[in-house]
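Reproduced below: upload_5.txt, with compact mmCIF, C-alpha atoms.
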```txt
# COMPACT_ATOMS: atom_id res chain seq x y z
CA MET A 1 39.59 89.11 59.03
CA LYS A 2 38.41 90.18 62.42
CA ARG A 3 41.09 91.53 64.64
CA THR A 4 41.16 90.42 68.21
CA ASP A 5 42.20 92.41 71.28
CA THR A 6 45.24 90.26 71.65
CA ASP A 7 46.46 91.24 68.25
CA THR A 8 46.52 94.92 69.13
CA ALA A 9 47.42 94.64 72.81
CA PRO A 10 51.03 95.19 73.68
CA ASP A 11 53.00 92.19 74.80
CA ALA A 12 52.87 91.63 78.59
CA PRO A 13 56.21 91.84 80.26
CA ASP A 14 57.71 88.46 80.98
CA ALA A 15 58.40 87.58 84.62
CA ASP A 16 62.04 87.70 85.58
CA PRO A 17 62.99 84.06 86.17
CA SER A 18 66.10 85.09 88.11
CA ARG A 19 64.09 86.91 90.77
CA PRO A 20 63.47 84.60 93.80
CA VAL A 21 59.89 84.01 94.86
CA ARG A 22 59.10 85.45 98.27
CA LEU A 23 57.12 83.20 100.58
CA ALA A 24 54.50 84.58 102.94
CA PRO A 25 54.95 83.78 106.67
CA SER A 26 51.96 81.45 106.48
CA ASP A 27 53.64 79.53 103.65
CA VAL A 28 56.87 79.24 105.64
CA LEU A 29 54.89 77.95 108.64
CA ARG A 30 53.02 75.44 106.50
CA LEU A 31 56.27 74.13 105.06
CA GLY A 32 57.83 73.97 108.51
CA LEU A 33 54.93 71.89 109.85
CA LEU A 34 55.10 69.55 106.86
CA GLY A 35 57.91 67.47 108.33
CA ILE A 36 56.11 67.24 111.69
CA ARG A 37 52.86 66.05 110.08
CA THR A 38 54.53 63.46 107.85
CA ARG A 39 56.78 62.04 110.56
CA ARG A 40 54.45 62.19 113.54
CA MET A 41 56.01 59.46 115.67
CA ARG A 42 59.51 60.89 115.39
CA ALA A 43 58.19 64.40 116.01
CA ALA A 44 56.27 63.18 119.06
CA LEU A 45 59.36 61.52 120.52
CA SER A 46 61.47 64.61 119.87
CA ALA A 47 58.80 66.87 121.38
CA LEU A 48 58.66 64.50 124.34
CA GLY A 49 62.36 65.06 124.91
CA ILE A 50 62.05 68.84 124.96
CA SER A 51 58.85 68.66 127.04
CA ILE A 52 60.68 66.63 129.66
CA GLY A 53 63.35 69.30 129.79
CA ILE A 54 60.84 72.15 130.13
CA ALA A 55 58.74 70.21 132.66
CA THR A 56 61.90 69.67 134.66
CA LEU A 57 62.58 73.40 134.53
CA ILE A 58 59.09 74.12 135.90
CA LEU A 59 59.38 71.43 138.57
CA VAL A 60 62.83 72.36 139.81
CA THR A 61 61.74 75.99 140.01
CA SER A 62 58.27 75.59 141.50
CA ILE A 63 58.83 72.78 144.00
CA PRO A 64 61.82 74.47 145.69
CA ALA A 65 59.83 77.73 145.72
CA SER A 66 56.95 75.97 147.50
CA SER A 67 59.36 74.23 149.85
CA GLN A 68 61.19 77.49 150.52
CA ARG A 69 57.92 79.30 151.29
CA HIS A 70 56.99 76.50 153.71
CA LEU A 71 60.42 76.71 155.33
CA ASP A 72 60.13 80.49 155.55
CA GLN A 73 56.82 80.15 157.35
CA GLN A 74 58.24 77.64 159.81
CA LEU A 75 61.35 79.70 160.54
CA SER A 76 59.41 82.95 160.76
CA ALA A 77 57.13 81.29 163.32
CA LEU A 78 60.21 80.76 165.47
CA GLY A 79 60.86 84.50 165.55
CA THR A 80 63.77 84.97 163.17
CA ASN A 81 63.05 88.70 163.07
CA THR A 82 63.23 89.20 166.84
CA LEU A 83 65.82 91.30 168.69
CA ARG A 84 66.38 91.57 172.42
CA ALA A 85 67.89 94.53 174.26
CA GLU A 86 68.85 94.36 177.93
CA PRO A 87 71.41 95.91 180.30
CA ALA A 88 74.88 94.40 180.27
CA PRO A 89 75.38 92.19 183.36
CA ASN A 90 77.29 93.14 186.49
CA GLN A 91 76.83 96.91 186.17
CA LYS A 92 77.16 99.01 189.31
CA PRO A 93 74.99 100.92 189.71
CA PRO A 94 72.57 98.84 187.67
CA VAL A 95 71.29 100.28 184.40
CA LEU A 96 67.64 101.32 184.60
CA ILE A 97 65.97 101.22 181.19
CA PRO A 98 63.33 103.97 180.87
CA GLU A 99 59.75 102.77 181.09
CA GLU A 100 58.96 104.49 177.78
CA ALA A 101 61.74 102.58 175.96
CA PRO A 102 59.32 100.36 173.93
CA ASP A 103 57.50 103.48 172.72
CA MET A 104 60.82 104.97 171.57
CA VAL A 105 61.77 101.76 169.77
CA ARG A 106 58.49 101.76 167.83
CA ARG A 107 59.57 105.01 166.16
CA ILE A 108 62.34 103.15 164.29
CA GLY A 109 61.07 102.77 160.73
CA PRO A 110 61.47 99.01 160.06
CA VAL A 111 60.24 98.03 163.56
CA THR A 112 56.89 96.24 163.54
CA HIS A 113 56.42 95.54 167.27
CA ALA A 114 58.12 96.46 170.52
CA SER A 115 57.30 95.44 174.07
CA ALA A 116 59.00 94.76 177.40
CA VAL A 117 59.16 92.54 180.45
CA ALA A 118 60.72 93.16 183.85
CA ASN A 119 61.96 90.85 186.58
CA THR A 120 59.95 91.42 189.77
CA HIS A 121 62.30 89.17 191.81
CA ALA A 122 59.26 87.53 193.41
CA LEU A 123 58.82 83.81 194.07
CA VAL A 124 55.89 81.77 192.77
CA ARG A 125 54.46 78.72 194.53
CA ARG A 126 51.57 76.38 193.85
CA SER A 127 50.09 77.08 197.29
CA GLU A 128 51.01 78.14 200.80
CA HIS A 129 51.67 74.49 201.67
CA THR A 130 54.85 74.35 199.56
CA ASP A 131 58.34 75.47 200.56
CA PRO A 132 58.30 79.30 200.63
CA ASN A 133 61.91 79.40 199.41
CA ASP A 134 61.37 77.09 196.44
CA GLY A 135 60.38 79.03 193.35
CA LEU A 136 60.69 75.93 191.10
CA GLY A 137 63.33 77.73 189.06
CA LEU A 138 60.66 80.04 187.62
CA THR A 139 60.82 83.80 187.09
CA VAL A 140 57.97 86.17 187.82
CA LEU A 141 57.95 88.84 185.12
CA ALA A 142 55.91 91.97 184.72
CA ALA A 143 54.68 91.95 181.13
CA ARG A 144 53.04 94.48 178.86
CA THR A 145 49.79 93.49 177.19
CA ASP A 146 51.38 93.78 173.71
CA LEU A 147 54.16 91.28 174.46
CA LEU A 148 53.04 88.35 172.30
CA PRO A 149 53.41 90.02 168.87
CA ALA A 150 56.90 91.19 169.86
CA VAL A 151 58.06 87.64 170.66
CA ASN A 152 55.98 85.75 168.06
CA GLY A 153 54.14 84.02 170.88
CA THR A 154 50.73 82.36 170.91
CA VAL A 155 48.31 81.23 173.61
CA SER A 156 47.72 77.51 174.04
CA SER A 157 44.68 77.79 176.29
CA GLY A 158 42.88 80.64 177.95
CA LYS A 159 43.83 84.16 176.92
CA PHE A 160 46.64 86.65 177.35
CA LEU A 161 46.68 89.66 179.65
CA THR A 162 44.47 92.58 178.62
CA ALA A 163 44.28 96.21 179.68
CA THR A 164 41.69 95.16 182.26
CA THR A 165 43.10 91.88 183.62
CA GLY A 166 46.63 93.33 183.59
CA ASN A 167 45.68 95.57 186.52
CA PHE A 168 44.36 92.72 188.65
CA PRO A 169 46.08 89.68 190.21
CA THR A 170 46.04 87.46 187.14
CA VAL A 171 48.89 85.60 185.46
CA VAL A 172 49.77 83.87 182.21
CA LEU A 173 52.09 80.88 182.46
CA GLY A 174 54.85 79.99 180.06
CA TYR A 175 54.80 76.48 178.64
CA GLU A 176 57.50 75.12 180.98
CA ALA A 177 56.20 77.09 183.97
CA ALA A 178 52.74 75.55 183.56
CA ALA A 179 54.26 72.05 183.53
CA ARG A 180 56.29 72.67 186.70
CA LEU A 181 53.28 74.12 188.49
CA GLY A 182 51.11 71.17 187.49
CA ILE A 183 48.73 73.21 185.33
CA PRO A 184 49.14 71.80 181.80
CA ARG A 185 45.95 73.37 180.44
CA LEU A 186 42.89 75.43 181.30
CA THR A 187 39.46 73.83 180.91
CA PRO A 188 36.61 76.16 179.90
CA GLY A 189 33.72 76.14 182.36
CA GLN A 190 35.86 75.08 185.30
CA GLU A 191 37.14 77.35 188.04
CA PRO A 192 40.58 78.61 186.96
CA PRO A 193 43.56 77.52 189.10
CA GLN A 194 45.53 79.93 191.24
CA VAL A 195 49.19 80.33 192.13
CA LEU A 196 50.76 82.11 195.07
CA ILE A 197 53.17 84.98 194.36
CA GLY A 198 54.55 86.48 197.51
CA ASP A 199 51.55 86.56 199.83
CA THR A 200 48.91 87.06 197.12
CA TYR A 201 47.02 84.50 195.08
CA PHE A 202 46.94 85.17 191.34
CA THR A 203 44.40 83.57 189.00
CA VAL A 204 45.81 81.78 185.97
CA VAL A 205 44.04 83.11 182.85
CA GLY A 206 46.24 81.69 180.13
CA ILE A 207 49.00 79.27 179.16
CA LEU A 208 51.41 79.93 176.30
CA ASP A 209 52.58 77.66 173.52
CA PRO A 210 56.29 76.73 173.39
CA MET A 211 58.60 79.54 172.19
CA ARG A 212 61.87 77.97 171.08
CA LEU A 213 63.80 81.19 170.56
CA THR A 214 62.77 82.70 173.92
CA PRO A 215 63.11 79.84 176.43
CA ASP A 216 63.32 82.32 179.30
CA LEU A 217 59.67 83.20 178.70
CA GLU A 218 58.73 79.51 178.71
CA ARG A 219 60.02 79.35 182.30
CA SER A 220 58.23 82.53 183.37
CA VAL A 221 55.06 83.56 185.13
CA LEU A 222 53.76 86.72 183.49
CA VAL A 223 51.99 89.31 185.61
CA GLY A 224 50.27 92.43 184.28
CA TRP A 225 52.35 95.63 184.38
CA GLY A 226 49.80 97.45 186.54
CA ALA A 227 49.27 94.53 188.92
CA ALA A 228 53.03 94.13 189.38
CA LYS A 229 53.28 97.79 190.46
CA LYS A 230 50.34 97.56 192.86
CA VAL A 231 50.88 94.14 194.42
CA LEU A 232 54.56 93.25 193.90
CA HIS A 233 56.01 96.77 194.35
CA PHE A 234 57.55 96.77 190.87
CA ASP A 235 59.43 100.01 190.05
CA GLY A 236 58.32 100.16 186.36
CA HIS A 237 61.77 99.86 184.71
CA PRO A 238 61.94 97.13 182.01
CA THR A 239 64.74 94.62 182.14
CA VAL A 240 64.32 93.28 178.57
CA VAL A 241 62.93 95.04 175.51
CA TYR A 242 61.76 92.74 172.70
CA THR A 243 61.58 94.04 169.15
CA THR A 244 60.48 92.61 165.83
CA ALA A 245 61.43 94.17 162.50
CA HIS A 246 61.30 93.43 158.81
CA GLU A 247 63.74 90.58 158.16
CA ASP A 248 65.75 92.47 155.57
CA SER A 249 66.31 95.29 158.09
CA VAL A 250 67.02 93.32 161.27
CA GLU A 251 70.73 94.14 161.23
CA ASP A 252 70.02 97.84 160.69
CA VAL A 253 67.60 97.93 163.61
CA ALA A 254 70.10 96.09 165.81
CA SER A 255 72.72 98.75 165.11
CA VAL A 256 70.56 101.57 166.53
CA LEU A 257 68.55 99.69 169.13
CA ALA A 258 70.92 100.25 172.07
CA ALA A 259 71.06 104.02 171.48
CA THR A 260 67.29 104.12 171.27
CA VAL A 261 66.67 102.11 174.42
CA TYR A 262 69.28 103.91 176.57
CA PRO A 263 70.45 107.12 174.88
CA GLN A 264 72.63 108.20 177.83
CA THR A 265 75.15 105.36 177.50
CA PRO A 266 74.32 102.94 174.67
CA GLY A 267 77.42 100.89 175.42
CA LEU A 268 75.78 99.60 178.62
CA ILE A 269 73.01 97.90 176.61
CA GLN A 270 73.62 94.59 174.89
CA VAL A 271 71.54 93.71 171.86
CA SER A 272 71.01 90.16 170.70
CA ARG A 273 72.20 89.40 167.19
CA PRO A 274 69.76 87.99 164.63
CA SER A 275 69.04 84.37 165.33
CA ASP A 276 70.98 81.58 163.73
CA ALA A 277 67.71 80.45 162.15
CA LEU A 278 67.66 83.61 160.03
CA THR A 279 71.20 82.95 158.82
CA ALA A 280 70.30 79.34 158.03
CA LYS A 281 67.21 80.52 156.20
CA ARG A 282 69.18 82.81 153.91
CA ALA A 283 71.88 80.18 153.28
CA THR A 284 69.23 77.58 152.43
CA ALA A 285 67.58 79.93 149.96
CA ALA A 286 70.88 80.55 148.15
CA THR A 287 71.71 76.82 148.07
CA PHE A 288 68.30 75.92 146.71
CA SER A 289 68.55 78.51 143.93
CA ALA A 290 72.01 77.47 142.73
CA LEU A 291 71.34 73.73 142.87
CA PHE A 292 68.03 73.63 141.08
CA LEU A 293 68.92 76.17 138.44
CA GLY A 294 71.87 73.93 137.58
CA LEU A 295 69.58 70.92 137.29
CA ALA A 296 67.21 72.88 135.07
CA GLY A 297 70.09 73.87 132.79
CA VAL A 298 71.15 70.24 132.38
CA ALA A 299 67.59 69.21 131.57
CA LEU A 300 67.26 71.91 128.91
CA LEU A 301 70.61 70.95 127.41
CA VAL A 302 69.48 67.33 127.06
CA GLY A 303 66.23 68.45 125.42
CA GLY A 304 68.08 70.73 123.01
CA VAL A 305 70.45 67.95 121.97
CA GLY A 306 67.45 65.72 121.26
CA VAL A 307 65.85 68.31 118.99
CA ALA A 308 69.13 68.98 117.15
CA ASN A 309 69.65 65.26 116.62
CA THR A 310 66.14 64.82 115.23
CA MET A 311 66.51 67.76 112.85
CA TYR A 312 69.90 66.58 111.63
CA ILE A 313 68.57 63.11 110.86
CA SER A 314 65.57 64.69 109.17
CA VAL A 315 67.87 66.62 106.83
CA LEU A 316 69.74 63.45 105.88
CA GLU A 317 66.53 61.55 105.18
CA ARG A 318 64.96 64.35 103.14
CA ARG A 319 67.84 65.11 100.79
CA ARG A 320 65.79 64.15 97.72
CA GLU A 321 62.95 66.42 98.86
CA ILE A 322 65.42 69.27 99.36
CA GLY A 323 67.00 68.65 95.95
CA LEU A 324 63.60 68.62 94.27
CA ARG A 325 62.60 71.92 95.85
CA ARG A 326 65.90 73.46 94.85
CA ALA A 327 65.45 72.22 91.28
CA LEU A 328 61.98 73.79 91.18
CA GLY A 329 63.37 77.18 92.16
CA ALA A 330 63.55 77.29 95.95
CA HIS A 331 66.61 79.22 97.05
CA ARG A 332 68.79 78.52 100.05
CA GLY A 333 67.11 81.06 102.32
CA GLN A 334 63.74 79.36 101.86
CA ILE A 335 65.23 75.97 102.67
CA ARG A 336 66.86 77.42 105.79
CA SER A 337 63.57 79.03 106.83
CA GLN A 338 61.67 75.78 106.34
CA PHE A 339 63.92 73.67 108.55
CA LEU A 340 64.45 76.41 111.14
CA THR A 341 60.67 76.88 111.41
CA GLU A 342 60.23 73.13 111.79
CA SER A 343 62.80 73.06 114.60
CA ILE A 344 61.17 76.01 116.41
CA ALA A 345 57.67 74.55 115.99
CA LEU A 346 58.86 71.19 117.30
CA SER A 347 60.49 72.77 120.34
CA LEU A 348 57.53 75.08 120.99
CA LEU A 349 55.06 72.19 120.95
CA GLY A 350 57.26 70.30 123.38
CA GLY A 351 57.68 73.42 125.50
CA LEU A 352 53.94 74.02 125.79
CA LEU A 353 53.37 70.38 126.69
CA GLY A 354 56.23 70.46 129.20
CA THR A 355 54.98 73.69 130.77
CA THR A 356 51.50 72.23 131.23
CA VAL A 357 52.81 68.98 132.70
CA GLY A 358 55.28 70.84 134.93
CA VAL A 359 52.63 73.19 136.34
CA LEU A 360 50.16 70.39 137.06
CA ALA A 361 52.83 68.17 138.62
CA SER A 362 54.12 71.02 140.78
CA LEU A 363 50.64 71.86 142.05
CA ALA A 364 49.91 68.20 142.80
CA TYR A 365 53.20 67.67 144.66
CA ALA A 366 52.90 70.86 146.72
CA THR A 367 49.33 69.98 147.67
CA TYR A 368 50.37 66.46 148.63
CA GLN A 369 53.17 67.79 150.86
CA GLY A 370 50.92 70.42 152.42
CA TRP A 371 53.07 73.26 151.08
CA PRO A 372 51.74 76.52 149.67
CA PRO A 373 51.65 76.00 145.87
CA ILE A 374 54.01 78.48 144.20
CA ILE A 375 54.35 78.62 140.40
CA PRO A 376 56.72 81.47 139.52
CA LEU A 377 55.57 83.35 136.43
CA SER A 378 59.22 83.61 135.45
CA ALA A 379 59.36 79.81 135.22
CA ILE A 380 56.36 79.70 132.88
CA ALA A 381 57.82 82.47 130.73
CA ALA A 382 61.18 80.68 130.74
CA GLY A 383 59.47 77.48 129.61
CA THR A 384 58.00 79.16 126.52
CA THR A 385 60.90 81.41 125.59
CA GLY A 386 63.37 78.65 126.42
CA ALA A 387 61.62 76.30 124.01
CA ILE A 388 61.82 78.88 121.23
CA ALA A 389 65.47 79.59 121.97
CA ILE A 390 66.28 75.88 121.98
CA GLY A 391 64.47 75.47 118.68
CA VAL A 392 66.51 78.27 117.12
CA VAL A 393 69.83 76.99 118.44
CA ALA A 394 69.06 73.35 117.64
CA GLY A 395 67.85 74.18 114.14
CA VAL A 396 70.64 76.47 112.97
CA TYR A 397 73.12 73.83 111.87
CA PRO A 398 70.59 71.39 110.35
CA SER A 399 68.93 74.23 108.42
CA MET A 400 72.28 75.44 107.10
CA ARG A 401 73.17 71.85 106.18
CA ALA A 402 69.87 71.51 104.33
CA ALA A 403 70.40 74.81 102.48
CA GLY A 404 73.85 73.68 101.38
CA VAL A 405 72.63 70.52 99.65
CA ALA A 406 73.31 70.72 95.90
CA PRO A 407 70.18 69.90 93.80
CA THR A 408 71.96 67.51 91.42
CA GLU A 409 73.69 65.67 94.23
CA ALA A 410 70.49 65.36 96.21
CA LEU A 411 68.41 64.11 93.27
CA SER A 412 71.01 61.53 92.31
CA ALA A 413 71.25 60.20 95.88
CA GLY A 414 69.57 56.87 96.39
```

Would you kindly transcribe this structure into structure tokens?
Amino acid sequence: MKRTDTDTAPDAPDADPSRPVRLAPSDVLRLGLLGIRTRRMRAALSALGISIGIATLILVTSIPASSQRHLDQQLSALGTNTLRAEPAPNQKPPVLIPEEAPDMVRRIGPVTHASAVANTHALVRRSEHTDPNDGLGLTVLAARTDLLPAVNGTVSSGKFLTATTGNFPTVVLGYEAAARLGIPRLTPGQEPPQVLIGDTYFTVVGILDPMRLTPDLERSVLVGWGAAKKVLHFDGHPTVVYTTAHEDSVEDVASVLAATVYPQTPGLIQVSRPSDALTAKRATAATFSALFLGLAGVALLVGGVGVANTMYISVLERRREIGLRRALGAHRGQIRSQFLTESIALSLLGGLLGTTVGVLASLAYATYQGWPPIIPLSAIAAGTTGAIAIGVVAGVYPSMRAAGVAPTEALSAG
């Protein structure tokens, strides 16, 4: 009789039936997605709940950020980073600020601009036919050519003083001064109007826009520094030094500004405190952050409860499936992994959908409002990681409940 190889080959070792079968990550993922594929409507509704929560997180982070940026731009345009240094009133003899004071102020690290004006104590009139003692409540100031950046000012029509025009009899009118003098605007191509200062006519070359934080400049007639010395006998000493600095350093600059402007006796110089608009700006930012982060937390909590509820019901409905898998050899860890993976996948799908919807809705709303669109990367990252975290938290109890189902009890359940 012919002998076969199997007759002579040694017996193969039998597999140990007590050793649990290890599932590959792809198998765990496939099992986790099984419940989502077979119960698509319920999965969609549960994912919708978590997507609403994540979309709310994106919205309540991005929209306030866009609104805050818009508010920052508006408040910064008012000059929230501006400081003003001038001699204390009623000093005898009067304090004379050095002419080089703006140059000394520029050496302070956080300072971005520094300039000065000086009261010439001259009267301005529309013409020689008006009352020579009526200055219309306006002030004639000598101004440096770099004044506008230091006061966050802009020109409405015409142009500001330059190194050339500042040495000739030319003026720039503040917004209120132009209205009182009957010169609301300058028309290109037409002969520019003139005003009378002292006994000399000055040509109006520019009119400024309103400056809400420096109303004294709105009621002023600005003459070039050189022209004021030549024509109005100005002595060259500034009466006000304007300074702009980085907003986070305004208080620090204010603390050293007096000593910089008048080193001999800093106590004779008074420095304006940061504007109330800056304080309101910071308070608004803090209020926005606390309020909307709280709303986002509530939205995520609601989404997490929805996922946990769906997973718990899924465990109750799939007891026979769980019992069958246990009877076929699946151990508790595999059951836990299956349901935990399903919970994470469900939350992640909802999170990705919510992130997409939240980003698009935020961009659309910011564009509609005319705000700069701001989508913080931290919000997008929080949307993804938050969905995963919610999936883990929401799936822990249902997965443990599923792993604790006894095979015989589950199979006998109707």

Subject >> For atom CA of Ala88 of chain A and atom CA of Ala227 of chain A, the interatomic separation in Å (one decimal) >> reply: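 We find that atom CA of Ala88 of chain A and atom CA of Ala227 of chain A lie 27.0 Å from each other.
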
Subject >> Counting all atoms listed in the file, the option among A:Ala394, A:Ala379, A:Ala361, A:Leu83 closest to Leu340 of chain A >> reply: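 Ranked by minimum distance to Leu340 of chain A, first place goes to A:Ala394.
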
**OP:** Name the residues in contact with Pro87 of chain A at a cut-off of 7 Å, using all atoms listed in the file, excluding same-chain residues fewer than 4 positions from it; report them as a PyMOL selection string.
**Re:** chain A and resi 95+268-270

**OP:** One decimal, Å: what's the distance from atom CA of Arg332 of chain A over to atom CA of Tyr312 of chain A, could you say?
**Re:**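 Answer for the atom CA of Arg332 of chain A to atom CA of Tyr312 of chain A separation: 16.7 Å.
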
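Proximity to Ser127 of chain A was assessed for A:Asp146, A:Ser66, A:Leu196, A:Thr80 counting only C-alpha atoms; the smallest distance is recorded for A:Leu196.
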
Original post:
Neighbours of Tyr242 of chain A within 10 Å (all atoms listed in the file; same-chain residues fewer than 2 positions away dropped), as a ChimeraX atom specification?
Top reply: /A:82-86,102,105,113-117,147-151,240,244,271-272

Subject >> Selection: 9 Å around Val111 of chain A, all atoms listed in the file, excl. self and same-chain fewer than 4 positions, as a count of residues only >> reply: 10

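The two atoms in question, atom CA of Lys92 of chain A and atom CA of Ala122 of chain A, are spaced 21.7 Å apart.
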
**OP:** Return the single residue from A:Leu346, A:Gln194, A:Asn90, A:Thr355 that is closest to Arg40 of chain A, with distances computed using all atoms listed in the file.
**Re:** A:Leu346

Subject >> Top pick for closest residue to Phe339 of chain A, considering A:Gly386, A:Pro266, A:Gly206, A:Pro398 and counting all atoms listed in the file >> reply: A:Pro398

Original post:
Nearest to Leu360 of chain A: which of A:Pro188, A:Ser62, A:Thr164, A:Arg144 is it, counting only C-alpha atoms?
Top reply: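 Using only C-alpha atoms, the shortest distance to Leu360 of chain A belongs to A:Ser62.
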
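Residues of protein, DNA or RNA having at least one counted atom within 9 Å of (59.9, 76.0, 116.7), given all atoms listed in the file, are Gly32, Leu340, Thr341, Glu342, Ser343, Ile344, Ala345, Leu346, Ser347, Leu348, Leu349, Ala387, Ile388, Ala389, Ile390, Gly391, Val392 and Gly395 of chain A.
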
Residue subset to file, keeping C-alpha atoms, as a compact mmCIF listing (two decimals), in the coordinates of the input:
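Listed below is the output, again08.txt:
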```
# COMPACT_ATOMS: atom_id res chain seq x y z
CA GLY A 32 57.83 73.97 108.51
CA LEU A 340 64.45 76.41 111.14
CA THR A 341 60.67 76.88 111.41
CA GLU A 342 60.23 73.13 111.79
CA SER A 343 62.80 73.06 114.60
CA ILE A 344 61.17 76.01 116.41
CA ALA A 345 57.67 74.55 115.99
CA LEU A 346 58.86 71.19 117.30
CA SER A 347 60.49 72.77 120.34
CA LEU A 348 57.53 75.08 120.99
CA LEU A 349 55.06 72.19 120.95
CA ALA A 387 61.62 76.30 124.01
CA ILE A 388 61.82 78.88 121.23
CA ALA A 389 65.47 79.59 121.97
CA ILE A 390 66.28 75.88 121.98
CA GLY A 391 64.47 75.47 118.68
CA VAL A 392 66.51 78.27 117.12
CA GLY A 395 67.85 74.18 114.14
```

**OP:** Counting only C-alpha atoms, figure out which residue out of A:Ser314, A:Ser378, A:Thr260, A:Thr385 gets nearest to Ile97 of chain A.
**Re:**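 Between A:Ser314, A:Ser378, A:Thr260, A:Thr385, the residue approaching Ile97 of chain A most closely is A:Thr260.
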
Contact residues around Val172 of chain A with all atoms listed in the file at 7 Å, ignoring same-chain residues under 3 positions, as a PDB file with C-alpha atoms, keeping the file's coordinate frame:
```pdb
ATOM      1  CA  PHE A 160      46.640  86.650 177.350  1.00  0.00           C
ATOM      2  CA  VAL A 204      45.810  81.780 185.970  1.00  0.00           C
ATOM      3  CA  VAL A 205      44.040  83.110 182.850  1.00  0.00           C
ATOM      4  CA  GLY A 206      46.240  81.690 180.130  1.00  0.00           C
ATOM      5  CA  ILE A 207      49.000  79.270 179.160  1.00  0.00           C
ATOM      6  CA  VAL A 221      55.060  83.560 185.130  1.00  0.00           C
ATOM      7  CA  LEU A 222      53.760  86.720 183.490  1.00  0.00           C
ATOM      8  CA  VAL A 223      51.990  89.310 185.610  1.00  0.00           C
TER       9      VAL A 223
END
```

Residues within 8 Å of Ala65 of chain A, all atoms listed in the file, excluding chain neighbours under 6 positions, as a JSON list (two decimals) with C-alpha atoms, keeping the file's coordinate frame:
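Written out: result.json:
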```json
[["chain", "number", "residue", "atom", "x", "y", "z"],
["A", 374, "ILE", "CA", 54.01, 78.48, 144.20],
["A", 375, "ILE", "CA", 54.35, 78.62, 140.40],
["A", 376, "PRO", "CA", 56.72, 81.47, 139.52]]
```
